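coords.cif (mmCIF, C-alpha atoms) appears below.
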```
data_my_file
loop_
_atom_site.label_atom_id
_atom_site.label_comp_id
_atom_site.auth_asym_id
_atom_site.auth_seq_id
_atom_site.Cartn_x
_atom_site.Cartn_y
_atom_site.Cartn_z
CA MET A 1 5.93 -30.16 -56.79
CA LYS A 2 4.59 -33.41 -55.41
CA PHE A 3 6.02 -36.89 -55.29
CA THR A 4 4.45 -39.41 -57.60
CA LEU A 5 3.33 -42.82 -56.44
CA ALA A 6 6.30 -44.29 -58.23
CA LEU A 7 8.68 -42.06 -56.29
CA SER A 8 7.10 -43.09 -53.00
CA ALA A 9 7.57 -46.72 -53.98
CA ILE A 10 11.25 -46.08 -54.71
CA LEU A 11 11.69 -44.43 -51.33
CA ALA A 12 9.99 -47.33 -49.56
CA THR A 13 12.37 -49.73 -51.29
CA GLN A 14 15.35 -47.62 -50.24
CA ALA A 15 14.11 -47.50 -46.66
CA ALA A 16 14.00 -51.27 -46.49
CA ALA A 17 17.61 -51.36 -47.63
CA PHE A 18 18.55 -49.12 -44.73
CA ALA A 19 17.28 -51.56 -42.09
CA PRO A 20 19.93 -53.82 -40.52
CA SER A 21 18.96 -57.41 -39.91
CA PHE A 22 19.64 -59.12 -36.58
CA ALA A 23 22.79 -61.15 -37.02
CA SER A 24 25.18 -63.08 -34.83
CA PRO A 25 28.42 -61.30 -33.87
CA ARG A 26 31.26 -61.48 -36.37
CA SER A 27 34.94 -60.72 -36.21
CA THR A 28 34.44 -56.97 -36.52
CA ALA A 29 31.51 -54.61 -36.15
CA LEU A 30 31.66 -53.52 -39.78
CA ASP A 31 31.39 -57.15 -40.88
CA ALA A 32 28.14 -57.51 -38.94
CA ARG A 33 26.59 -54.06 -39.41
CA LYS A 34 26.39 -52.06 -42.62
CA PRO A 35 27.97 -48.61 -42.15
CA PHE A 36 25.64 -45.62 -42.16
CA ILE A 37 26.99 -42.20 -43.19
CA SER A 38 24.55 -39.34 -42.73
CA GLY A 39 24.54 -35.56 -42.93
CA ASN A 40 22.47 -33.11 -40.88
CA TRP A 41 22.03 -29.82 -42.71
CA LYS A 42 20.35 -28.09 -39.73
CA LEU A 43 19.19 -24.55 -40.71
CA ASN A 44 21.03 -24.71 -44.03
CA PRO A 45 21.28 -23.93 -46.90
CA GLN A 46 19.29 -20.75 -47.42
CA THR A 47 17.56 -21.43 -50.74
CA ARG A 48 15.97 -24.31 -52.63
CA GLU A 49 18.44 -23.82 -55.46
CA GLU A 50 21.39 -24.17 -53.10
CA ALA A 51 19.90 -27.35 -51.66
CA ILE A 52 19.52 -28.84 -55.12
CA VAL A 53 23.10 -28.01 -56.12
CA LEU A 54 24.52 -29.38 -52.87
CA GLY A 55 22.42 -32.55 -52.93
CA LYS A 56 23.34 -33.28 -56.53
CA ALA A 57 27.05 -32.75 -55.90
CA ILE A 58 26.95 -35.10 -52.91
CA SER A 59 25.09 -37.80 -54.83
CA GLU A 60 27.60 -37.61 -57.67
CA SER A 61 30.37 -38.52 -55.24
CA ILE A 62 28.83 -41.96 -54.70
CA GLY A 63 30.30 -44.35 -57.22
CA PRO A 64 31.47 -47.92 -57.79
CA ASP A 65 34.46 -47.47 -55.48
CA THR A 66 32.43 -46.01 -52.60
CA PRO A 67 32.37 -48.28 -49.52
CA ASP A 68 29.23 -50.38 -49.18
CA ALA A 69 27.40 -48.06 -46.80
CA ASP A 70 23.99 -46.50 -46.43
CA VAL A 71 24.02 -42.74 -46.99
CA ALA A 72 21.38 -40.25 -45.86
CA LEU A 73 20.84 -36.51 -45.72
CA PHE A 74 18.62 -35.00 -43.05
CA VAL A 75 17.43 -31.69 -44.48
CA PRO A 76 14.99 -28.87 -43.62
CA TYR A 77 11.37 -29.80 -44.31
CA VAL A 78 10.98 -27.31 -47.15
CA PHE A 79 13.88 -28.86 -49.10
CA ILE A 80 12.99 -32.54 -48.74
CA GLU A 81 11.23 -33.00 -52.08
CA ALA A 82 13.67 -30.91 -54.11
CA THR A 83 16.68 -32.61 -52.53
CA HIS A 84 15.31 -36.07 -53.16
CA THR A 85 14.72 -35.23 -56.80
CA ALA A 86 18.30 -33.97 -57.03
CA VAL A 87 19.93 -37.04 -55.47
CA GLY A 88 17.80 -39.69 -57.15
CA GLU A 89 18.18 -43.22 -55.84
CA LYS A 90 21.74 -42.92 -54.57
CA LEU A 91 20.90 -41.93 -51.02
CA MET A 92 18.09 -41.38 -48.54
CA VAL A 93 16.59 -37.99 -47.71
CA GLY A 94 15.14 -37.69 -44.21
CA ALA A 95 13.67 -35.07 -41.89
CA GLU A 96 15.50 -33.27 -39.10
CA GLY A 97 12.65 -33.85 -36.67
CA VAL A 98 8.98 -34.64 -36.22
CA CYS A 99 6.09 -33.77 -33.93
CA PRO A 100 4.76 -36.74 -31.94
CA GLU A 101 1.18 -35.50 -32.38
CA ILE A 102 -0.87 -36.65 -35.36
CA LYS A 103 -2.97 -33.55 -35.98
CA GLY A 104 -4.60 -30.61 -34.23
CA ALA A 105 -3.72 -27.20 -32.82
CA PHE A 106 0.07 -27.47 -32.97
CA THR A 107 1.14 -24.45 -35.00
CA GLY A 108 4.37 -24.96 -36.89
CA ALA A 109 4.51 -28.70 -36.27
CA VAL A 110 5.04 -31.44 -38.86
CA SER A 111 3.72 -34.93 -38.14
CA ALA A 112 5.11 -38.34 -39.04
CA THR A 113 2.04 -38.92 -41.19
CA MET A 114 2.74 -35.76 -43.18
CA LEU A 115 6.35 -36.78 -43.74
CA LYS A 116 5.41 -40.31 -44.72
CA SER A 117 2.91 -38.97 -47.24
CA ILE A 118 5.76 -37.41 -49.24
CA GLY A 119 7.92 -40.51 -49.05
CA VAL A 120 10.09 -39.74 -46.01
CA GLN A 121 11.15 -42.81 -44.06
CA TRP A 122 13.83 -41.52 -41.66
CA ALA A 123 13.81 -38.69 -39.12
CA LEU A 124 16.09 -37.48 -36.35
CA ALA A 125 15.00 -37.36 -32.71
CA GLY A 126 16.78 -36.07 -29.64
CA HIS A 127 19.48 -33.95 -31.24
CA SER A 128 21.20 -31.88 -28.57
CA GLU A 129 20.18 -28.63 -30.25
CA ARG A 130 16.55 -29.67 -30.01
CA ARG A 131 17.05 -30.65 -26.38
CA THR A 132 18.85 -27.47 -25.31
CA LEU A 133 17.53 -24.74 -27.63
CA PHE A 134 13.95 -25.93 -27.99
CA GLY A 135 13.45 -27.65 -24.65
CA GLU A 136 12.54 -31.07 -26.02
CA THR A 137 12.40 -33.47 -23.07
CA ASP A 138 13.18 -37.18 -22.92
CA ALA A 139 9.42 -37.84 -22.79
CA TYR A 140 8.81 -35.73 -25.91
CA ILE A 141 11.69 -37.43 -27.72
CA ASN A 142 10.35 -40.83 -26.74
CA GLY A 143 7.00 -39.77 -28.22
CA GLN A 144 8.74 -38.92 -31.48
CA CYS A 145 10.45 -42.31 -31.60
CA ILE A 146 7.27 -44.21 -30.84
CA LYS A 147 5.18 -42.30 -33.37
CA LEU A 148 7.73 -42.87 -36.15
CA ILE A 149 7.88 -46.58 -35.38
CA GLU A 150 4.08 -46.83 -35.18
CA ASP A 151 3.84 -45.24 -38.63
CA GLY A 152 6.26 -47.76 -40.10
CA MET A 153 9.09 -45.24 -40.36
CA SER A 154 12.63 -45.23 -38.96
CA VAL A 155 14.32 -43.02 -36.38
CA MET A 156 17.85 -41.96 -35.57
CA LEU A 157 17.93 -41.28 -31.83
CA CYS A 158 20.64 -38.79 -30.86
CA ILE A 159 22.25 -38.97 -27.42
CA GLY A 160 25.28 -37.39 -25.76
CA GLU A 161 26.74 -35.62 -22.77
CA SER A 162 27.79 -32.02 -22.10
CA LEU A 163 31.40 -30.98 -21.48
CA ASP A 164 30.76 -30.75 -17.75
CA GLU A 165 29.26 -34.23 -17.70
CA TYR A 166 32.15 -35.58 -19.77
CA GLU A 167 34.74 -34.08 -17.43
CA LYS A 168 32.96 -35.71 -14.49
CA ASP A 169 33.13 -39.08 -16.27
CA LEU A 170 29.34 -39.21 -16.62
CA ALA A 171 29.16 -39.92 -20.36
CA GLY A 172 28.04 -43.51 -19.85
CA SER A 173 25.44 -42.56 -17.25
CA VAL A 174 23.98 -39.76 -19.39
CA CYS A 175 23.78 -42.00 -22.45
CA ALA A 176 22.15 -44.74 -20.38
CA VAL A 177 19.39 -42.40 -19.24
CA GLN A 178 18.80 -40.99 -22.72
CA LEU A 179 18.76 -44.45 -24.31
CA LYS A 180 16.43 -45.97 -21.75
CA LYS A 181 14.01 -43.05 -21.85
CA GLY A 182 14.23 -42.54 -25.61
CA LEU A 183 13.61 -46.21 -26.47
CA ALA A 184 11.01 -46.86 -23.76
CA GLY A 185 8.09 -48.80 -25.20
CA ILE A 186 9.90 -49.84 -28.38
CA LYS A 187 9.97 -53.59 -28.85
CA LYS A 188 12.98 -55.59 -29.93
CA GLU A 189 11.31 -56.57 -33.18
CA ASP A 190 11.10 -52.87 -34.11
CA LEU A 191 14.76 -52.08 -33.47
CA ASP A 192 15.63 -52.75 -37.09
CA ARG A 193 14.12 -49.31 -37.73
CA VAL A 194 16.25 -47.58 -35.11
CA ALA A 195 19.78 -46.20 -35.31
CA ILE A 196 21.64 -44.44 -32.50
CA ALA A 197 23.85 -41.37 -32.97
CA TYR A 198 26.25 -40.64 -30.12
CA GLU A 199 27.07 -36.94 -30.26
CA PRO A 200 29.09 -35.51 -27.37
CA VAL A 201 27.57 -32.04 -27.02
CA TRP A 202 30.97 -30.48 -26.38
CA ALA A 203 32.15 -31.62 -29.83
CA ILE A 204 29.21 -30.40 -31.93
CA GLY A 205 30.21 -27.44 -34.07
CA THR A 206 33.24 -26.69 -31.90
CA GLY A 207 35.90 -28.30 -34.04
CA LYS A 208 36.69 -30.61 -31.12
CA VAL A 209 36.45 -34.31 -31.80
CA ALA A 210 36.48 -37.09 -29.28
CA THR A 211 39.50 -39.24 -29.96
CA PRO A 212 38.69 -42.53 -31.67
CA GLU A 213 39.51 -44.31 -28.42
CA VAL A 214 37.18 -42.10 -26.36
CA ALA A 215 34.38 -42.45 -28.92
CA GLN A 216 34.86 -46.22 -29.06
CA LYS A 217 34.65 -46.48 -25.27
CA VAL A 218 31.29 -44.68 -25.17
CA HIS A 219 29.95 -46.64 -28.15
CA GLU A 220 30.90 -49.85 -26.38
CA GLN A 221 29.07 -48.64 -23.27
CA CYS A 222 26.00 -47.79 -25.35
CA ARG A 223 25.98 -51.26 -26.88
CA ALA A 224 26.18 -52.78 -23.42
CA ILE A 225 23.23 -50.64 -22.31
CA ILE A 226 21.17 -51.88 -25.26
CA ALA A 227 22.11 -55.47 -24.40
CA ASP A 228 20.88 -54.84 -20.86
CA MET A 229 17.65 -53.28 -22.14
CA TYR A 230 16.94 -56.01 -24.70
CA ASP A 231 19.56 -58.73 -25.24
CA GLN A 232 22.97 -59.24 -26.85
CA GLU A 233 21.46 -60.04 -30.24
CA ALA A 234 19.73 -56.67 -30.31
CA ALA A 235 22.91 -54.91 -29.21
CA ASP A 236 25.00 -56.64 -31.86
CA ALA A 237 22.56 -55.59 -34.59
CA MET A 238 22.20 -51.94 -33.53
CA ARG A 239 24.03 -49.38 -35.65
CA ILE A 240 25.62 -46.70 -33.47
CA LEU A 241 26.96 -43.66 -35.30
CA TYR A 242 29.39 -41.02 -34.06
CA GLY A 243 28.64 -37.33 -34.48
CA GLY A 244 30.51 -34.24 -33.39
CA SER A 245 32.69 -32.28 -35.83
CA VAL A 246 33.45 -35.33 -37.98
CA THR A 247 35.84 -34.28 -40.76
CA PRO A 248 37.68 -35.87 -43.69
CA ASP A 249 40.74 -35.99 -41.44
CA SER A 250 39.05 -37.87 -38.60
CA VAL A 251 36.60 -40.19 -40.35
CA ASP A 252 38.98 -43.05 -41.23
CA GLN A 253 40.22 -43.56 -37.68
CA LEU A 254 36.72 -43.25 -36.28
CA MET A 255 35.34 -45.80 -38.72
CA ALA A 256 38.16 -48.20 -37.83
CA GLN A 257 36.75 -48.62 -34.32
CA PRO A 258 34.79 -51.87 -33.83
CA ASP A 259 31.70 -50.27 -32.29
CA ILE A 260 31.46 -47.18 -34.51
CA ASP A 261 29.13 -47.96 -37.39
CA GLY A 262 28.94 -44.62 -39.14
CA ALA A 263 28.76 -40.87 -38.74
CA LEU A 264 26.18 -38.14 -38.33
CA VAL A 265 27.92 -35.15 -39.88
CA GLY A 266 26.98 -31.51 -39.39
CA GLY A 267 29.10 -28.74 -40.89
CA ALA A 268 31.10 -30.94 -43.24
CA SER A 269 27.89 -32.19 -44.88
CA LEU A 270 27.37 -28.66 -46.24
CA ASP A 271 30.60 -28.92 -48.23
CA ALA A 272 30.23 -31.44 -51.05
CA SER A 273 33.95 -32.14 -51.32
CA LYS A 274 34.35 -32.72 -47.57
CA PHE A 275 31.26 -34.86 -47.26
CA SER A 276 32.30 -36.81 -50.35
CA ARG A 277 35.54 -37.75 -48.60
CA ILE A 278 33.58 -38.84 -45.51
CA ILE A 279 31.20 -40.95 -47.59
CA ASN A 280 34.23 -42.46 -49.30
CA PHE A 281 36.01 -43.24 -46.04
CA GLN A 282 38.96 -45.58 -46.23
CA PRO A 283 38.48 -48.71 -44.12
CA MET A 284 41.62 -49.37 -42.06
#
```
Could you take the file, read its structure, and then write that structure out as structure tokens?
Amino acid sequence: MKFTLALSAILATQAAAFAPSFASPRSTALDARKPFISGNWKLNPQTREEAIVLGKAISESIGPDTPDADVALFVPYVFIEATHTAVGEKLMVGAEGVCPEIKGAFTGAVSATMLKSIGVQWALAGHSERRTLFGETDAYINGQCIKLIEDGMSVMLCIGESLDEYEKDLAGSVCAVQLKKGLAGIKKEDLDRVAIAYEPVWAIGTGKVATPEVAQKVHEQCRAIIADMYDQEAADAMRILYGGSVTPDSVDQLMAQPDIDGALVGGASLDASKFSRIINFQPM
């Protein structure tokens, strides 16, 4: 099954809606930046049919009473088209990664151009599992970010520290390095197509969640780093999401923090009822 030109046009329109505009600071972060709730399916589910059922159930949870937030699902390449058909126009369907090369002898790779040709506008880069399990370096991740931006697409750059680094109070330093290397070469005017996901590695898939206060502290540090790299206007406009075992029980308190603009959800995004509650978070 292939996307029609009309479907690609719809996706392009949705992508534009996902881009935050640069705005002056307001009383709270959520006043200035539209929340962004996203799910990362990783190596799940196991069949196309399961992906369709899950995507449809998630999309049906978005209604008139849902908070005014952007919603996205990052899914395995083979399920992108089927999932988008299932969810319709209610949310964005993105890719879990991309190869920074355009074409050539790169067996198993998928390029930004390929993804764009089927209507994809968002992709992840720098997830800790790609860094640790697949050996993706900061230079490789930077290449992914640059290629997506060059192709007119958008990227969610994932950053975060290990448990050992966290216990040594190095979270801010690790995030600074990953931000500066990941965003190297990206101009301020292109930052409206970038989102940041702070995911402490020790909290991913472990059931452990950084307390809202701990997460807020790191998010605040990340925003200060972006201000140092660009300027305060760029920092104020940047959406910074929290990821790491986000659950229906933790989402409200996390989203109440002034510098947390959304969530990148792993396991809970595979359960329609749980992810529905996260999408329909209750602003505090």
Residue by residue, what does the PyMOL selection byres ((chain A and resi 175-179) around 10) grab here? Present the result as a PyMOL selection string.
chain A and resi 126+137-139+141-142+157-161+170-174+180-184+196+198-200+218-219+221-226+229
Resulting file, chosen residues, C-alpha atoms, as a PDB file, in the frame of the given file:
```pdb
ATOM      1  CA  GLY A 126      16.780 -36.070 -29.640  1.00  0.00           C
ATOM      2  CA  THR A 137      12.400 -33.470 -23.070  1.00  0.00           C
ATOM      3  CA  ASP A 138      13.180 -37.180 -22.920  1.00  0.00           C
ATOM      4  CA  ALA A 139       9.420 -37.840 -22.790  1.00  0.00           C
ATOM      5  CA  ILE A 141      11.690 -37.430 -27.720  1.00  0.00           C
ATOM      6  CA  ASN A 142      10.350 -40.830 -26.740  1.00  0.00           C
ATOM      7  CA  LEU A 157      17.930 -41.280 -31.830  1.00  0.00           C
ATOM      8  CA  CYS A 158      20.640 -38.790 -30.860  1.00  0.00           C
ATOM      9  CA  ILE A 159      22.250 -38.970 -27.420  1.00  0.00           C
ATOM     10  CA  GLY A 160      25.280 -37.390 -25.760  1.00  0.00           C
ATOM     11  CA  GLU A 161      26.740 -35.620 -22.770  1.00  0.00           C
ATOM     12  CA  LEU A 170      29.340 -39.210 -16.620  1.00  0.00           C
ATOM     13  CA  ALA A 171      29.160 -39.920 -20.360  1.00  0.00           C
ATOM     14  CA  GLY A 172      28.040 -43.510 -19.850  1.00  0.00           C
ATOM     15  CA  SER A 173      25.440 -42.560 -17.250  1.00  0.00           C
ATOM     16  CA  VAL A 174      23.980 -39.760 -19.390  1.00  0.00           C
ATOM     17  CA  LYS A 180      16.430 -45.970 -21.750  1.00  0.00           C
ATOM     18  CA  LYS A 181      14.010 -43.050 -21.850  1.00  0.00           C
ATOM     19  CA  GLY A 182      14.230 -42.540 -25.610  1.00  0.00           C
ATOM     20  CA  LEU A 183      13.610 -46.210 -26.470  1.00  0.00           C
ATOM     21  CA  ALA A 184      11.010 -46.860 -23.760  1.00  0.00           C
ATOM     22  CA  ILE A 196      21.640 -44.440 -32.500  1.00  0.00           C
ATOM     23  CA  TYR A 198      26.250 -40.640 -30.120  1.00  0.00           C
ATOM     24  CA  GLU A 199      27.070 -36.940 -30.260  1.00  0.00           C
ATOM     25  CA  PRO A 200      29.090 -35.510 -27.370  1.00  0.00           C
ATOM     26  CA  VAL A 218      31.290 -44.680 -25.170  1.00  0.00           C
ATOM     27  CA  HIS A 219      29.950 -46.640 -28.150  1.00  0.00           C
ATOM     28  CA  GLN A 221      29.070 -48.640 -23.270  1.00  0.00           C
ATOM     29  CA  CYS A 222      26.000 -47.790 -25.350  1.00  0.00           C
ATOM     30  CA  ARG A 223      25.980 -51.260 -26.880  1.00  0.00           C
ATOM     31  CA  ALA A 224      26.180 -52.780 -23.420  1.00  0.00           C
ATOM     32  CA  ILE A 225      23.230 -50.640 -22.310  1.00  0.00           C
ATOM     33  CA  ILE A 226      21.170 -51.880 -25.260  1.00  0.00           C
ATOM     34  CA  MET A 229      17.650 -53.280 -22.140  1.00  0.00           C
TER      35      MET A 229
END
```
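Our summary of the geometry notes that atom CA of Glu50 of chain A is positioned 29.5 Å from atom CA of Phe106 of chain A.
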Selected residue of minimal separation from Asn44 of chain A among A:Leu270, A:Ala234, A:Ile186, A:Val78, counting only C-alpha atoms:
A:Leu270
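When all atoms listed in the file are used to measure the gap to Tyr140 of chain A, the shortest distance among A:Gln121, A:Ser162, A:Val265, A:Val98 belongs to A:Val98.
With atom CA of Pro76 of chain A on one side and atom CA of Glu96 of chain A on the other, the separation reads 6.3 Å.
Residue nearest Leu124 of chain A, chosen from A:Arg33, A:Arg239, A:Lys42, A:Lys217 and counting all atoms listed in the file: A:Lys42.
Residues in contact range of Gly55 of chain A, defined as at most 10 Å between only C-alpha atoms, with sequence neighbours fewer than 2 positions away removed, read A:Glu49, A:Glu50, A:Ala51, A:Ile52, A:Val53, A:Ala57, A:Ile58, A:Ser59, A:Glu60, A:Leu73, A:Val75, A:Ala82, A:Thr83, A:His84, A:Thr85, A:Ala86, A:Val87, A:Gly88, A:Leu91, A:Val93, A:Ser269, A:Leu270, A:Ala272.
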With C-alpha atoms retained, could you export that selection as a PDB file, in the frame of the given file?
```pdb
ATOM      1  CA  GLU A  49      18.440 -23.820 -55.460  1.00  0.00           C
ATOM      2  CA  GLU A  50      21.390 -24.170 -53.100  1.00  0.00           C
ATOM      3  CA  ALA A  51      19.900 -27.350 -51.660  1.00  0.00           C
ATOM      4  CA  ILE A  52      19.520 -28.840 -55.120  1.00  0.00           C
ATOM      5  CA  VAL A  53      23.100 -28.010 -56.120  1.00  0.00           C
ATOM      6  CA  ALA A  57      27.050 -32.750 -55.900  1.00  0.00           C
ATOM      7  CA  ILE A  58      26.950 -35.100 -52.910  1.00  0.00           C
ATOM      8  CA  SER A  59      25.090 -37.800 -54.830  1.00  0.00           C
ATOM      9  CA  GLU A  60      27.600 -37.610 -57.670  1.00  0.00           C
ATOM     10  CA  LEU A  73      20.840 -36.510 -45.720  1.00  0.00           C
ATOM     11  CA  VAL A  75      17.430 -31.690 -44.480  1.00  0.00           C
ATOM     12  CA  ALA A  82      13.670 -30.910 -54.110  1.00  0.00           C
ATOM     13  CA  THR A  83      16.680 -32.610 -52.530  1.00  0.00           C
ATOM     14  CA  HIS A  84      15.310 -36.070 -53.160  1.00  0.00           C
ATOM     15  CA  THR A  85      14.720 -35.230 -56.800  1.00  0.00           C
ATOM     16  CA  ALA A  86      18.300 -33.970 -57.030  1.00  0.00           C
ATOM     17  CA  VAL A  87      19.930 -37.040 -55.470  1.00  0.00           C
ATOM     18  CA  GLY A  88      17.800 -39.690 -57.150  1.00  0.00           C
ATOM     19  CA  LEU A  91      20.900 -41.930 -51.020  1.00  0.00           C
ATOM     20  CA  VAL A  93      16.590 -37.990 -47.710  1.00  0.00           C
ATOM     21  CA  SER A 269      27.890 -32.190 -44.880  1.00  0.00           C
ATOM     22  CA  LEU A 270      27.370 -28.660 -46.240  1.00  0.00           C
ATOM     23  CA  ALA A 272      30.230 -31.440 -51.050  1.00  0.00           C
TER      24      ALA A 272
END
```
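Between Asp192 of chain A and the candidates A:Ala227, A:Ala125, A:Ala237, A:Val209, the tightest atom-to-atom separation, counting all atoms listed in the file, involves A:Ala237.
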Taking all atoms of segment 107-126 of chain A that appear in the file, build a box with edges along x, y and z, extend it by 6 Å on every side, and state its centre and edge lengths in Å to one decimal, as AutoDock Vina command-line options.
```
--center_x 9.0 --center_y -33.6 --center_z -39.4 --size_x 27.6 --size_y 30.4 --size_z 31.6
```
Can you turn the PyMOL selection byres ((chain A and resi 122) around 8) into a concrete residue list for this file, as a ChimeraX atom specification?
/A:15,93-95,120-121,123-124,153-156
Let me make sure I understand: among A:Gly267, A:Gly205, A:Pro35, A:Pro100, which one has the smallest atom-to-atom distance to Asp70 of chain A if we use only C-alpha atoms?
A:Pro35
For this structure, which residues satisfy the selection - the PyMOL selection byres ((chain A and resi 163) around 9) - when it is evaluated on the file as given? I want them as a PyMOL selection string.
chain A and resi 161-162+164-168+200-203
Record the distance separating atom CA of Glu129 of chain A and atom CA of Leu115 of chain A, expressed in Å with one decimal.
21.0 Å
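Using all atoms listed in the file for every distance, the candidate list A:Ile62, A:Gln232, A:Gln282, A:Ser276 yields A:Gln282 as the residue closest to Val251 of chain A.
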